[in-house]
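S.K.: Just so it is clear, I am handing over structure.txt, which has compact mmCIF, C-alpha atoms.
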```
# COMPACT_ATOMS: atom_id res chain seq x y z
CA MET X 1 141.17 103.73 78.75
CA ASN X 2 142.34 101.23 81.34
CA GLU X 3 145.61 100.68 79.52
CA ARG X 4 146.16 104.40 79.46
CA VAL X 5 145.41 104.69 83.13
CA ASP X 6 147.83 101.87 83.97
CA LYS X 7 150.49 103.62 81.93
CA ASP X 8 149.80 106.99 83.55
CA MET X 9 149.61 105.67 87.06
CA GLY X 10 152.46 103.22 86.98
CA GLY X 11 152.60 101.56 90.37
CA LEU X 12 149.51 103.38 91.53
CA ALA X 13 147.33 101.61 88.99
CA ALA X 14 146.08 99.19 91.58
CA THR X 15 144.75 102.02 93.71
CA LEU X 16 143.18 103.93 90.87
CA ASP X 17 139.56 104.70 91.55
CA PHE X 18 136.80 104.81 89.02
CA ASP X 19 136.50 108.58 89.51
CA ALA X 20 140.02 109.13 88.19
CA GLU X 21 139.10 107.04 85.19
CA LEU X 22 136.02 109.20 84.64
CA MET X 23 138.15 112.33 84.93
CA LEU X 24 140.50 111.01 82.26
CA ARG X 25 137.47 110.57 80.05
CA VAL X 26 136.49 114.18 80.74
CA LYS X 27 140.02 115.08 79.69
CA ASP X 28 139.35 113.29 76.42
CA GLY X 29 136.25 115.42 75.85
CA ASP X 30 133.56 113.21 77.34
CA GLY X 31 131.10 115.61 78.95
CA ALA X 32 128.87 112.79 80.19
CA SER X 33 131.64 111.59 82.51
CA PHE X 34 131.77 115.04 84.10
CA THR X 35 128.04 114.80 84.75
CA ILE X 36 128.57 111.45 86.51
CA LEU X 37 131.32 112.93 88.67
CA LEU X 38 129.16 115.92 89.54
CA GLU X 39 126.23 113.68 90.41
CA LYS X 40 128.39 111.55 92.68
CA HIS X 41 130.34 114.24 94.50
CA ARG X 42 127.96 117.20 94.52
CA LEU X 43 126.47 116.52 97.96
CA PRO X 44 129.65 115.51 99.80
CA VAL X 45 131.42 118.63 98.54
CA ILE X 46 128.54 121.01 99.33
CA HIS X 47 127.98 119.46 102.77
CA PHE X 48 131.68 119.68 103.58
CA LEU X 49 131.77 123.32 102.52
CA TYR X 50 128.56 124.10 104.39
CA ARG X 51 130.00 122.68 107.62
CA MET X 52 133.22 124.58 107.02
CA VAL X 53 131.76 128.03 106.34
CA GLN X 54 128.36 127.44 108.00
CA ASN X 55 126.47 129.38 105.37
CA GLN X 56 124.48 127.53 102.71
CA ALA X 57 124.64 130.22 100.02
CA VAL X 58 128.40 130.64 100.42
CA ALA X 59 128.86 126.86 100.48
CA GLU X 60 127.00 126.44 97.18
CA GLU X 61 128.93 129.28 95.59
CA LEU X 62 132.20 127.71 96.66
CA ALA X 63 131.07 124.30 95.43
CA GLN X 64 130.31 125.84 92.04
CA GLU X 65 133.86 127.15 91.98
CA VAL X 66 135.22 123.72 92.96
CA PHE X 67 133.52 121.94 90.07
CA LEU X 68 134.32 124.77 87.69
CA ARG X 69 138.01 124.39 88.58
CA VAL X 70 137.77 120.65 88.10
CA TYR X 71 136.33 121.21 84.64
CA ARG X 72 138.89 123.87 83.76
CA SER X 73 141.74 121.61 84.86
CA ARG X 74 140.60 118.66 82.78
CA GLY X 75 143.26 119.27 80.15
CA SER X 76 146.15 119.02 82.58
CA TYR X 77 144.65 116.37 84.87
CA GLU X 78 146.96 113.53 85.83
CA PRO X 79 145.73 110.81 88.21
CA THR X 80 148.62 111.03 90.66
CA ALA X 81 146.28 110.62 93.67
CA LYS X 82 142.74 109.60 94.43
CA PHE X 83 140.22 111.80 92.68
CA THR X 84 138.53 112.68 95.99
CA THR X 85 141.87 113.77 97.43
CA TRP X 86 142.28 116.23 94.57
CA LEU X 87 138.63 117.32 94.80
CA PHE X 88 138.73 117.96 98.54
CA ARG X 89 142.07 119.70 98.26
CA ILE X 90 140.42 122.23 95.94
CA ALA X 91 137.38 122.48 98.23
CA THR X 92 139.47 122.94 101.37
CA HIS X 93 141.65 125.55 99.71
CA LEU X 94 138.60 127.57 98.65
CA ALA X 95 136.92 127.18 102.03
CA LEU X 96 139.99 128.34 103.93
CA ASN X 97 140.40 131.33 101.61
CA SER X 98 136.74 132.20 102.01
CA LEU X 99 136.96 132.01 105.80
CA ARG X 100 140.03 134.22 105.83
CA ASP X 101 138.54 136.75 103.42
CA GLY X 102 135.10 137.14 104.95
CA LYS X 103 135.39 135.76 108.40
CA HIS X 104 133.72 138.57 110.32
CA ARG X 105 130.97 139.18 107.81
CA ARG X 106 129.94 135.54 107.74
CA LEU X 107 130.21 135.19 111.49
CA GLU X 108 127.74 138.05 111.88
CA GLU X 109 125.41 136.49 109.35
CA HIS X 110 125.65 133.22 111.17
CA LEU X 111 124.89 134.74 114.55
CA ASP X 112 121.85 136.50 113.09
CA ASP X 113 120.74 133.31 111.41
CA ASP X 114 117.69 131.71 112.97
CA SER X 115 118.80 128.34 111.59
CA SER X 116 115.64 128.07 109.54
CA GLU X 117 117.68 126.57 106.70
CA THR X 118 118.42 123.48 108.76
CA PRO X 119 115.71 120.87 108.41
CA VAL X 120 114.08 119.76 111.60
CA ARG X 121 114.94 116.18 112.32
CA GLN X 122 112.17 113.82 113.22
CA VAL X 123 113.29 112.20 116.44
CA SER X 124 110.42 109.77 116.54
CA ASP X 125 107.52 108.67 114.44
CA GLN X 126 105.33 111.22 116.20
CA ARG X 127 105.39 114.92 115.53
CA PRO X 128 107.92 116.69 117.76
CA THR X 129 106.48 119.09 120.23
CA VAL X 130 107.49 122.72 120.26
CA GLU X 131 109.76 122.01 123.22
CA GLN X 132 111.43 119.12 121.44
CA ARG X 133 112.03 121.24 118.38
CA MET X 134 113.48 124.05 120.43
CA LEU X 135 115.73 121.62 122.27
CA HIS X 136 116.87 120.12 119.00
CA GLN X 137 117.60 123.54 117.51
CA SER X 138 119.47 124.54 120.64
CA ARG X 139 121.65 121.41 120.46
CA LEU X 140 122.32 121.95 116.77
CA GLU X 141 123.38 125.50 117.45
CA GLU X 142 125.70 124.26 120.17
CA ILE X 143 127.27 121.73 117.80
CA ARG X 144 127.70 124.34 115.09
CA ARG X 145 129.34 126.75 117.46
CA ALA X 146 131.62 124.06 118.85
CA VAL X 147 132.82 123.15 115.35
CA ALA X 148 133.12 126.82 114.38
CA THR X 149 135.48 127.48 117.28
CA LEU X 150 137.97 124.92 115.99
CA PRO X 151 140.99 126.28 114.12
CA GLU X 152 140.38 126.02 110.37
CA LYS X 153 142.68 123.06 109.67
CA GLN X 154 141.36 121.14 112.65
CA ARG X 155 137.84 121.81 111.48
CA ALA X 156 138.59 120.57 107.96
CA ALA X 157 140.28 117.45 109.33
CA VAL X 158 137.38 116.61 111.64
CA LEU X 159 134.80 117.08 108.90
CA MET X 160 136.68 114.87 106.44
CA HIS X 161 137.32 112.26 109.14
CA LYS X 162 133.77 112.23 110.50
CA TYR X 163 131.51 112.85 107.53
CA ASP X 164 133.54 111.72 104.55
CA GLU X 165 135.14 108.80 106.38
CA MET X 166 138.57 109.54 104.98
CA GLU X 167 141.64 107.71 106.24
CA TYR X 168 144.36 109.65 108.01
CA SER X 169 146.64 109.25 105.02
CA GLN X 170 144.10 110.82 102.65
CA ILE X 171 143.35 113.73 105.00
CA ALA X 172 147.10 114.25 105.24
CA LYS X 173 147.35 114.52 101.46
CA VAL X 174 144.41 116.93 101.27
CA LEU X 175 145.86 119.20 103.95
CA ASN X 176 149.42 118.69 102.78
CA CYS X 177 150.60 117.42 106.17
CA SER X 178 152.23 114.26 107.44
CA GLU X 179 150.01 111.48 108.67
CA SER X 180 151.32 111.85 112.23
CA ALA X 181 150.57 115.57 112.11
CA ILE X 182 147.00 114.81 111.08
CA LYS X 183 146.57 112.35 113.95
CA SER X 184 147.81 114.99 116.35
CA LEU X 185 145.57 117.59 114.74
CA LEU X 186 142.53 115.36 115.02
CA PHE X 187 143.30 114.41 118.59
CA ARG X 188 143.44 118.07 119.63
CA ALA X 189 140.26 118.85 117.71
CA TYR X 190 138.31 116.00 119.28
CA GLU X 191 139.66 116.98 122.68
CA THR X 192 138.10 120.41 122.24
CA LEU X 193 134.85 118.92 120.99
CA ARG X 194 134.71 116.44 123.87
CA ALA X 195 135.05 119.29 126.32
CA ARG X 196 132.19 121.16 124.67
CA LEU X 197 129.85 118.39 123.57
CA ALA X 198 130.35 115.40 125.86
CA HIS X 199 127.47 116.52 128.06
CA MET X 200 125.09 115.78 125.18
CA ALA X 201 125.40 112.05 125.75
CA MET Z 1 146.93 94.97 125.38
CA ASN Z 2 148.80 98.15 126.21
CA CYS Z 3 146.68 101.11 127.20
CA PRO Z 4 146.32 103.31 124.08
CA LEU Z 5 146.31 106.47 126.20
CA GLU Z 6 149.54 105.52 127.97
CA ALA Z 7 151.12 104.46 124.67
CA GLY Z 8 150.16 107.72 123.02
CA ASN Z 9 148.01 105.87 120.52
CA GLU Z 10 144.77 107.78 120.92
CA GLY Z 11 143.93 107.16 117.28
CA VAL Z 12 142.87 103.66 118.23
CA LEU Z 13 140.41 105.09 120.70
CA LEU Z 14 139.07 107.51 118.10
CA ASP Z 15 138.58 104.64 115.66
CA TYR Z 16 137.02 102.53 118.40
CA ALA Z 17 134.48 105.24 119.20
CA ALA Z 18 133.82 105.73 115.50
CA GLY Z 19 133.29 102.00 114.98
CA LYS Z 20 136.12 101.87 112.45
CA LEU Z 21 138.13 99.06 114.04
CA ASN Z 22 138.00 95.59 112.59
CA ALA Z 23 136.45 92.78 114.62
CA ASP Z 24 139.67 91.54 116.23
CA ALA Z 25 140.90 94.99 117.24
CA ARG Z 26 137.46 95.87 118.53
CA ALA Z 27 137.34 92.73 120.68
CA GLN Z 28 140.74 93.57 122.15
CA MET Z 29 139.59 97.09 122.97
CA ASP Z 30 136.37 95.78 124.53
CA ARG Z 31 138.44 93.61 126.86
CA HIS Z 32 140.78 96.51 127.69
CA MET Z 33 137.83 98.80 128.43
CA GLU Z 34 136.63 96.46 131.14
CA SER Z 35 139.72 97.22 133.19
CA CYS Z 36 140.73 100.76 132.11
CA SER Z 37 138.50 103.52 133.40
CA ALA Z 38 140.50 106.26 131.63
CA CYS Z 39 139.99 104.69 128.21
CA ASN Z 40 136.40 103.94 129.10
CA GLN Z 41 135.78 107.58 129.94
CA PHE Z 42 137.62 108.74 126.82
CA ALA Z 43 135.64 106.43 124.57
CA GLY Z 44 132.34 107.41 126.17
CA ALA Z 45 133.00 111.13 125.69
CA GLN Z 46 134.19 110.56 122.14
CA ALA Z 47 131.10 108.52 121.33
CA ALA Z 48 128.97 111.42 122.61
CA VAL Z 49 130.81 113.80 120.28
CA TRP Z 50 130.32 111.40 117.42
CA GLN Z 51 126.60 111.15 118.17
CA ALA Z 52 126.24 114.91 118.45
CA LEU Z 53 127.93 115.41 115.08
CA ASP Z 54 125.61 112.81 113.58
CA ASN Z 55 122.70 115.11 114.41
CA TRP Z 56 124.14 117.94 112.35
CA GLU Z 57 122.37 117.54 109.08
CA PRO Z 58 123.24 119.93 106.28
CA ALA Z 59 120.68 122.05 104.50
CA GLU Z 60 119.19 120.91 101.23
CA VAL Z 61 120.97 121.90 98.06
CA SER Z 62 119.33 124.36 95.66
CA MET Z 63 117.41 122.74 92.84
CA ASP Z 64 119.17 124.83 90.23
CA PHE Z 65 122.71 124.08 91.39
CA ASP Z 66 123.58 122.05 88.28
CA ARG Z 67 121.92 124.53 85.92
CA ARG Z 68 123.95 127.39 87.40
CA LEU Z 69 127.13 125.37 87.19
CA TYR Z 70 126.64 124.44 83.55
CA ALA Z 71 125.79 128.07 82.75
CA ARG Z 72 129.12 129.11 84.27
CA ILE Z 73 130.93 126.41 82.34
CA GLU Z 74 129.25 127.65 79.18
CA GLN Z 75 130.34 131.22 79.97
CA ASP Z 76 133.83 129.95 80.57
CA VAL Z 77 134.14 128.71 77.01
CA SER Z 78 136.04 131.23 74.92
CA TRP Z 79 134.15 133.76 72.87
CA TRP Z 80 135.79 132.50 69.68
CA THR Z 81 134.58 128.95 70.29
CA ARG Z 82 131.09 130.25 70.98
CA LEU Z 83 131.18 132.41 67.86
CA MET Z 84 132.30 129.57 65.65
CA ARG Z 85 130.11 126.88 67.19
CA PRO Z 86 127.05 127.41 64.91
CA LEU Z 87 129.33 127.16 61.90
CA ASN Z 88 131.07 124.02 63.04
CA PRO Z 89 128.77 121.56 61.22
CA LEU Z 90 129.10 123.65 58.09
CA PHE Z 91 132.87 123.81 58.35
CA ARG Z 92 133.16 120.16 59.18
CA HIS Z 93 131.94 119.22 55.67
CA SER Z 94 132.79 122.23 53.55
CA VAL Z 95 136.36 122.91 54.58
CA PRO Z 96 137.88 119.75 53.05
CA ILE Z 97 135.89 120.31 49.87
CA ALA Z 98 136.88 123.96 49.64
CA ALA Z 99 140.50 123.13 50.34
CA THR Z 100 140.54 120.50 47.59
CA ALA Z 101 138.88 122.87 45.13
CA GLY Z 102 141.40 125.56 45.95
CA VAL Z 103 144.33 123.22 45.32
CA VAL Z 104 142.85 122.14 41.97
CA ILE Z 105 142.29 125.73 40.86
CA MET Z 106 145.80 126.78 41.85
CA ALA Z 107 147.31 123.81 40.05
CA GLY Z 108 145.29 124.62 36.92
CA LEU Z 109 146.40 128.21 36.95
CA LEU Z 110 150.05 127.26 37.30
CA LEU Z 111 149.96 124.64 34.53
CA ASN Z 112 148.03 126.75 31.98
CA ARG Z 113 149.93 129.94 32.51
CA PRO Z 114 150.35 131.64 29.02
CA ALA Z 115 153.84 132.36 27.69
CA ALA Z 116 155.16 135.80 28.21
CA VAL Z 117 154.45 138.07 25.18
CA PRO Z 118 156.60 141.13 24.65
CA VAL Z 119 154.55 144.14 25.03
CA ALA Z 120 154.67 146.44 22.02
CA PRO Z 121 155.69 149.95 22.87
CA VAL Z 122 152.88 152.31 22.86
CA PRO Z 123 153.18 154.53 19.73
CA GLN Z 124 153.48 158.12 20.43
CA SER Z 125 150.59 160.06 19.08
CA ALA Z 126 151.28 162.39 16.07
CA GLN Z 127 151.77 165.88 17.16
CA VAL Z 128 149.61 168.08 15.01
CA GLU Z 129 150.08 171.72 15.36
CA ALA Z 130 146.77 173.22 15.59
CA LEU Z 131 146.40 176.63 13.95
CA GLN Z 132 144.38 179.22 15.55
CA PRO Z 133 141.85 181.16 13.39
CA ASP Z 134 143.70 184.44 13.71
CA GLN Z 135 146.96 182.78 12.63
CA LEU Z 136 145.19 181.36 9.56
CA GLN Z 137 143.79 184.72 8.67
CA SER Z 138 147.25 186.30 9.02
CA ALA Z 139 148.77 183.68 6.69
CA LEU Z 140 146.08 184.31 4.03
CA ASP Z 141 146.69 188.03 4.27
CA ASP Z 142 150.42 187.50 3.74
CA MET Z 143 149.78 185.37 0.64
CA GLU Z 144 147.46 187.97 -0.83
CA MET Z 145 150.01 190.70 -0.22
CA LEU Z 146 152.71 188.69 -1.99
CA ARG Z 147 150.41 188.06 -4.95
CA GLN Z 148 149.70 191.77 -5.30
CA PHE Z 149 153.39 192.61 -4.96
CA ASN Z 150 154.26 190.18 -7.79
CA GLN Z 151 151.74 191.87 -10.05
CA LEU Z 152 153.25 195.31 -9.46
CA VAL Z 153 156.80 194.27 -10.13
CA PRO Z 154 157.67 194.23 -14.00
CA ASP Z 155 158.94 191.04 -15.43
CA SER Z 156 162.30 192.74 -16.35
CA ALA Z 157 162.82 193.69 -12.82
CA ALA Z 158 162.46 190.17 -11.85
CA PRO Z 159 165.78 188.72 -11.07
CA LYS Z 160 167.27 186.49 -13.66
CA MET Z 161 167.55 183.01 -12.47
```
Could you write out this file's structure as structure tokens?

M.R.:
Amino acid sequence: MNERVDKDMGGLAATLDFDAELMLRVKDGDGASFTILLEKHRLPVIHFLYRMVQNQAVAEELAQEVFLRVYRSRGSYEPTAKFTTWLFRIATHLALNSLRDGKHRRLEEHLDDDSSETPVRQVSDQRPTVEQRMLHQSRLEEIRRAVATLPEKQRAAVLMHKYDEMEYSQIAKVLNCSESAIKSLLFRAYETLRARLAHMA
Amino acid sequence: MNCPLEAGNEGVLLDYAAGKLNADARAQMDRHMESCSACNQFAGAQAAVWQALDNWEPAEVSMDFDRRLYARIEQDVSWWTRLMRPLNPLFRHSVPIAATAGVVIMAGLLLNRPAAVPVAPVPQSAQVEALQPDQLQSALDDMEMLRQFNQLVPDSAAPKM
């Protein structure tokens, strides 16, 4: 397998990640490798989609579609980039389409949502009081709204940069932009978020 | 160190607030922060954003996520593959055997093919004219009439042959 990967990747062999190797095994009919990939990337993909569309049911449905597309594409898969770049490109594409298709419907659902799906975070080793919980929920809602107001590409870039710790170059590949464009995009996004969230310090 | 804000290199400040700078770069920024209030303010606000985003925990994933996904993958497999799947173990062993047997039988038939024998023409059946009962009766009547006529005619009148 490694020889094959080296041959396929050429000069990129040094940067080949284990995930791409697993995907090549899936291509060869190894279902167990797909299970490993799913196990590893399930949560990052679902969490990214959840923060993008801000609806858990929609996020899970989109994540199903992401992994289904990965599986369907196994036959034509070529490791020309990092596996996560490819994976998040699919996820971002589906999320953006979903936002454009059902923007108003989901926004209404979100505004009616009482945020009961979000687990209450324990801020100390003692039980939070009702006031603390309400304050926490209020802050979470503020964060969610601040992120939701970002333009879609800015939102995707911030989420990949913050939660998936991607480099600028990888975010650029996912969003099909230049690296300098991504830096500019992120700077504008964080500028908006600073204006809305800096008081939380 | 040049001020990142003045140099248009805000990315350094973002990385600084995110704790992504290496030790040397971080030490340089720490020293710069001591004398640059603009960068200090920027980094403080960015750190607050970072901290706020840290508090945003996603919801838990459904327990049956994998089961639903594999069900969809199963549905995605073509109907022909699904139809033939139970027979796969059978085919895996029997197809080579059946193919070999077929070749042997065909070869045997070709090698032992009998020589062509001319086919005898089918003889035409004899055409027998069937007499009807009334025709038979008419013939007998004619013979009887001739016999009686011969008796009436004298032998002298008989023509000399």

S.K.: Nearest residue to Arg139 (chain X) out of Z:Asn2, Z:Asn112, Z:Ser138, Z:Asn55, using only C-alpha atoms?

M.R.: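 Distance minimum relative to Arg139 (chain X) lands on Z:Asn55.
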
S.K.: Would you mind listing what lies within 8 Å of region 156-165 of chain X as JSON, numbers by chain, with all atoms listed in the file counted and same-chain residues fewer than 5 positions away left out?

M.R.: {"X": [44, 48, 51, 52, 92, 171, 175, 182, 185, 186, 189, 190], "Z": [50]}

S.K.: List the residues sitting within 12 Å of (128.8, 129.7, 86.5) in the file's frame, using only C-alpha atoms, as a list in words.

M.R.: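 Those residues, ordered by chain and then number, are Glu60, Glu61, Leu62, Ala63, Gln64, Glu65, Val66, Phe67, Leu68, Arg69, Tyr71 and Arg72 of chain X; Asp64, Phe65, Asp66, Arg67, Arg68, Leu69, Tyr70, Ala71, Arg72, Ile73, Glu74, Gln75, Asp76 and Val77 of chain Z.
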
S.K.: Mind dumping a table of every chain X residue within 8 Å of chain Z, with the nearest atom pair and its distance in Å to one decimal, using all atoms listed in the file, sorted by chain and rising number, as JSON lines?

M.R.:
```
{"residue": "X:Leu43", "atom": "CA", "partner": "Z:Val61", "partner_atom": "CA", "distance": 7.7}
{"residue": "X:Ile46", "atom": "CA", "partner": "Z:Val61", "partner_atom": "CA", "distance": 7.7}
{"residue": "X:His47", "atom": "CA", "partner": "Z:Pro58", "partner_atom": "CA", "distance": 5.9}
{"residue": "X:Tyr50", "atom": "CA", "partner": "Z:Pro58", "partner_atom": "CA", "distance": 7.0}
{"residue": "X:Arg51", "atom": "CA", "partner": "Z:Pro58", "partner_atom": "CA", "distance": 7.4}
{"residue": "X:Gln56", "atom": "CA", "partner": "Z:Ala59", "partner_atom": "CA", "distance": 6.9}
{"residue": "X:Glu60", "atom": "CA", "partner": "Z:Phe65", "partner_atom": "CA", "distance": 7.6}
{"residue": "X:Gln64", "atom": "CA", "partner": "Z:Leu69", "partner_atom": "CA", "distance": 5.8}
{"residue": "X:Phe67", "atom": "CA", "partner": "Z:Leu69", "partner_atom": "CA", "distance": 7.8}
{"residue": "X:Leu68", "atom": "CA", "partner": "Z:Ile73", "partner_atom": "CA", "distance": 6.5}
{"residue": "X:Tyr71", "atom": "CA", "partner": "Z:Ile73", "partner_atom": "CA", "distance": 7.8}
{"residue": "X:Glu117", "atom": "CA", "partner": "Z:Ala59", "partner_atom": "CA", "distance": 5.9}
{"residue": "X:Thr118", "atom": "CA", "partner": "Z:Ala59", "partner_atom": "CA", "distance": 5.0}
{"residue": "X:Pro119", "atom": "CA", "partner": "Z:Ala59", "partner_atom": "CA", "distance": 6.4}
{"residue": "X:Leu140", "atom": "CA", "partner": "Z:Trp56", "partner_atom": "CA", "distance": 6.2}
{"residue": "X:Ile143", "atom": "CA", "partner": "Z:Leu53", "partner_atom": "CA", "distance": 6.9}
{"residue": "X:Arg144", "atom": "CA", "partner": "Z:Trp56", "partner_atom": "CA", "distance": 7.8}
{"residue": "X:Lys162", "atom": "CA", "partner": "Z:Trp50", "partner_atom": "CA", "distance": 7.8}
{"residue": "X:Lys183", "atom": "CA", "partner": "Z:Gly11", "partner_atom": "CA", "distance": 6.7}
{"residue": "X:Phe187", "atom": "CA", "partner": "Z:Glu10", "partner_atom": "CA", "distance": 7.2}
{"residue": "X:Tyr190", "atom": "CA", "partner": "Z:Gln46", "partner_atom": "CA", "distance": 7.4}
{"residue": "X:Leu193", "atom": "CA", "partner": "Z:Val49", "partner_atom": "CA", "distance": 6.6}
{"residue": "X:Arg194", "atom": "CA", "partner": "Z:Ala45", "partner_atom": "CA", "distance": 5.9}
{"residue": "X:Leu197", "atom": "CA", "partner": "Z:Val49", "partner_atom": "CA", "distance": 5.7}
{"residue": "X:Ala198", "atom": "CA", "partner": "Z:Ala45", "partner_atom": "CA", "distance": 5.0}
{"residue": "X:His199", "atom": "CA", "partner": "Z:Ala48", "partner_atom": "CA", "distance": 7.6}
{"residue": "X:Met200", "atom": "CA", "partner": "Z:Ala48", "partner_atom": "CA", "distance": 6.4}
{"residue": "X:Ala201", "atom": "CA", "partner": "Z:Ala48", "partner_atom": "CA", "distance": 4.8}
```

S.K.: CA of Ala20 (chain X) and CA of Pro79 (chain X) are how many Å apart?

M.R.: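 Taking CA of Ala20 (chain X) and CA of Pro79 (chain X), their separation equals 6.0 Å.
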
S.K.: When you draw a straight line from CA of Glu39 (chain X) to CA of Met23 (chain X), how long is it in Å?

M.R.: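 If I compute the distance from CA of Glu39 (chain X) to CA of Met23 (chain X), I get 13.2 Å.
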
S.K.: List the residues sitting within 9 Å of (143.8, 105.4, 126.3) in the file's frame, using all atoms listed in the file, as a PDB file with C-alpha atoms, keeping the file's coordinate frame.

M.R.:
```
ATOM      1  CA  ASN Z   2     148.800  98.150 126.210  1.00  0.00           C
ATOM      2  CA  CYS Z   3     146.680 101.110 127.200  1.00  0.00           C
ATOM      3  CA  PRO Z   4     146.320 103.310 124.080  1.00  0.00           C
ATOM      4  CA  LEU Z   5     146.310 106.470 126.200  1.00  0.00           C
ATOM      5  CA  GLU Z   6     149.540 105.520 127.970  1.00  0.00           C
ATOM      6  CA  ALA Z   7     151.120 104.460 124.670  1.00  0.00           C
ATOM      7  CA  GLY Z   8     150.160 107.720 123.020  1.00  0.00           C
ATOM      8  CA  ASN Z   9     148.010 105.870 120.520  1.00  0.00           C
ATOM      9  CA  GLU Z  10     144.770 107.780 120.920  1.00  0.00           C
ATOM     10  CA  VAL Z  12     142.870 103.660 118.230  1.00  0.00           C
ATOM     11  CA  LEU Z  13     140.410 105.090 120.700  1.00  0.00           C
ATOM     12  CA  CYS Z  36     140.730 100.760 132.110  1.00  0.00           C
ATOM     13  CA  ALA Z  38     140.500 106.260 131.630  1.00  0.00           C
ATOM     14  CA  CYS Z  39     139.990 104.690 128.210  1.00  0.00           C
ATOM     15  CA  ASN Z  40     136.400 103.940 129.100  1.00  0.00           C
ATOM     16  CA  PHE Z  42     137.620 108.740 126.820  1.00  0.00           C
ATOM     17  CA  ALA Z  43     135.640 106.430 124.570  1.00  0.00           C
TER      18      ALA Z  43
END
```

S.K.: How many Å separate CA of Phe34 (chain X) from CA of Glu21 (chain X)?

M.R.: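 Atom-to-atom, CA of Phe34 (chain X) to CA of Glu21 (chain X), that is 10.9 Å.
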
S.K.: Show me, as a ChimeraX atom specification, the residues that have an atom within 12 Å of Val174 (chain X) when counting all atoms listed in the file, minus same-chain residues fewer than 2 positions from it.

M.R.: /X:81-93,153,156-157,160-161,166-172,176-179,182

S.K.: Take every atom of region 52-56 of chain Z listed in the file, fit an axis-aligned box around them, add 5 Å per side, and give the centre and edge lengths in Å to one decimal as lines of an AutoDock Vina configuration file.

M.R.:
```
center_x = 125.3
center_y = 115.4
center_z = 115.4
size_x = 15.2
size_y = 15.1
size_z = 16.1
```
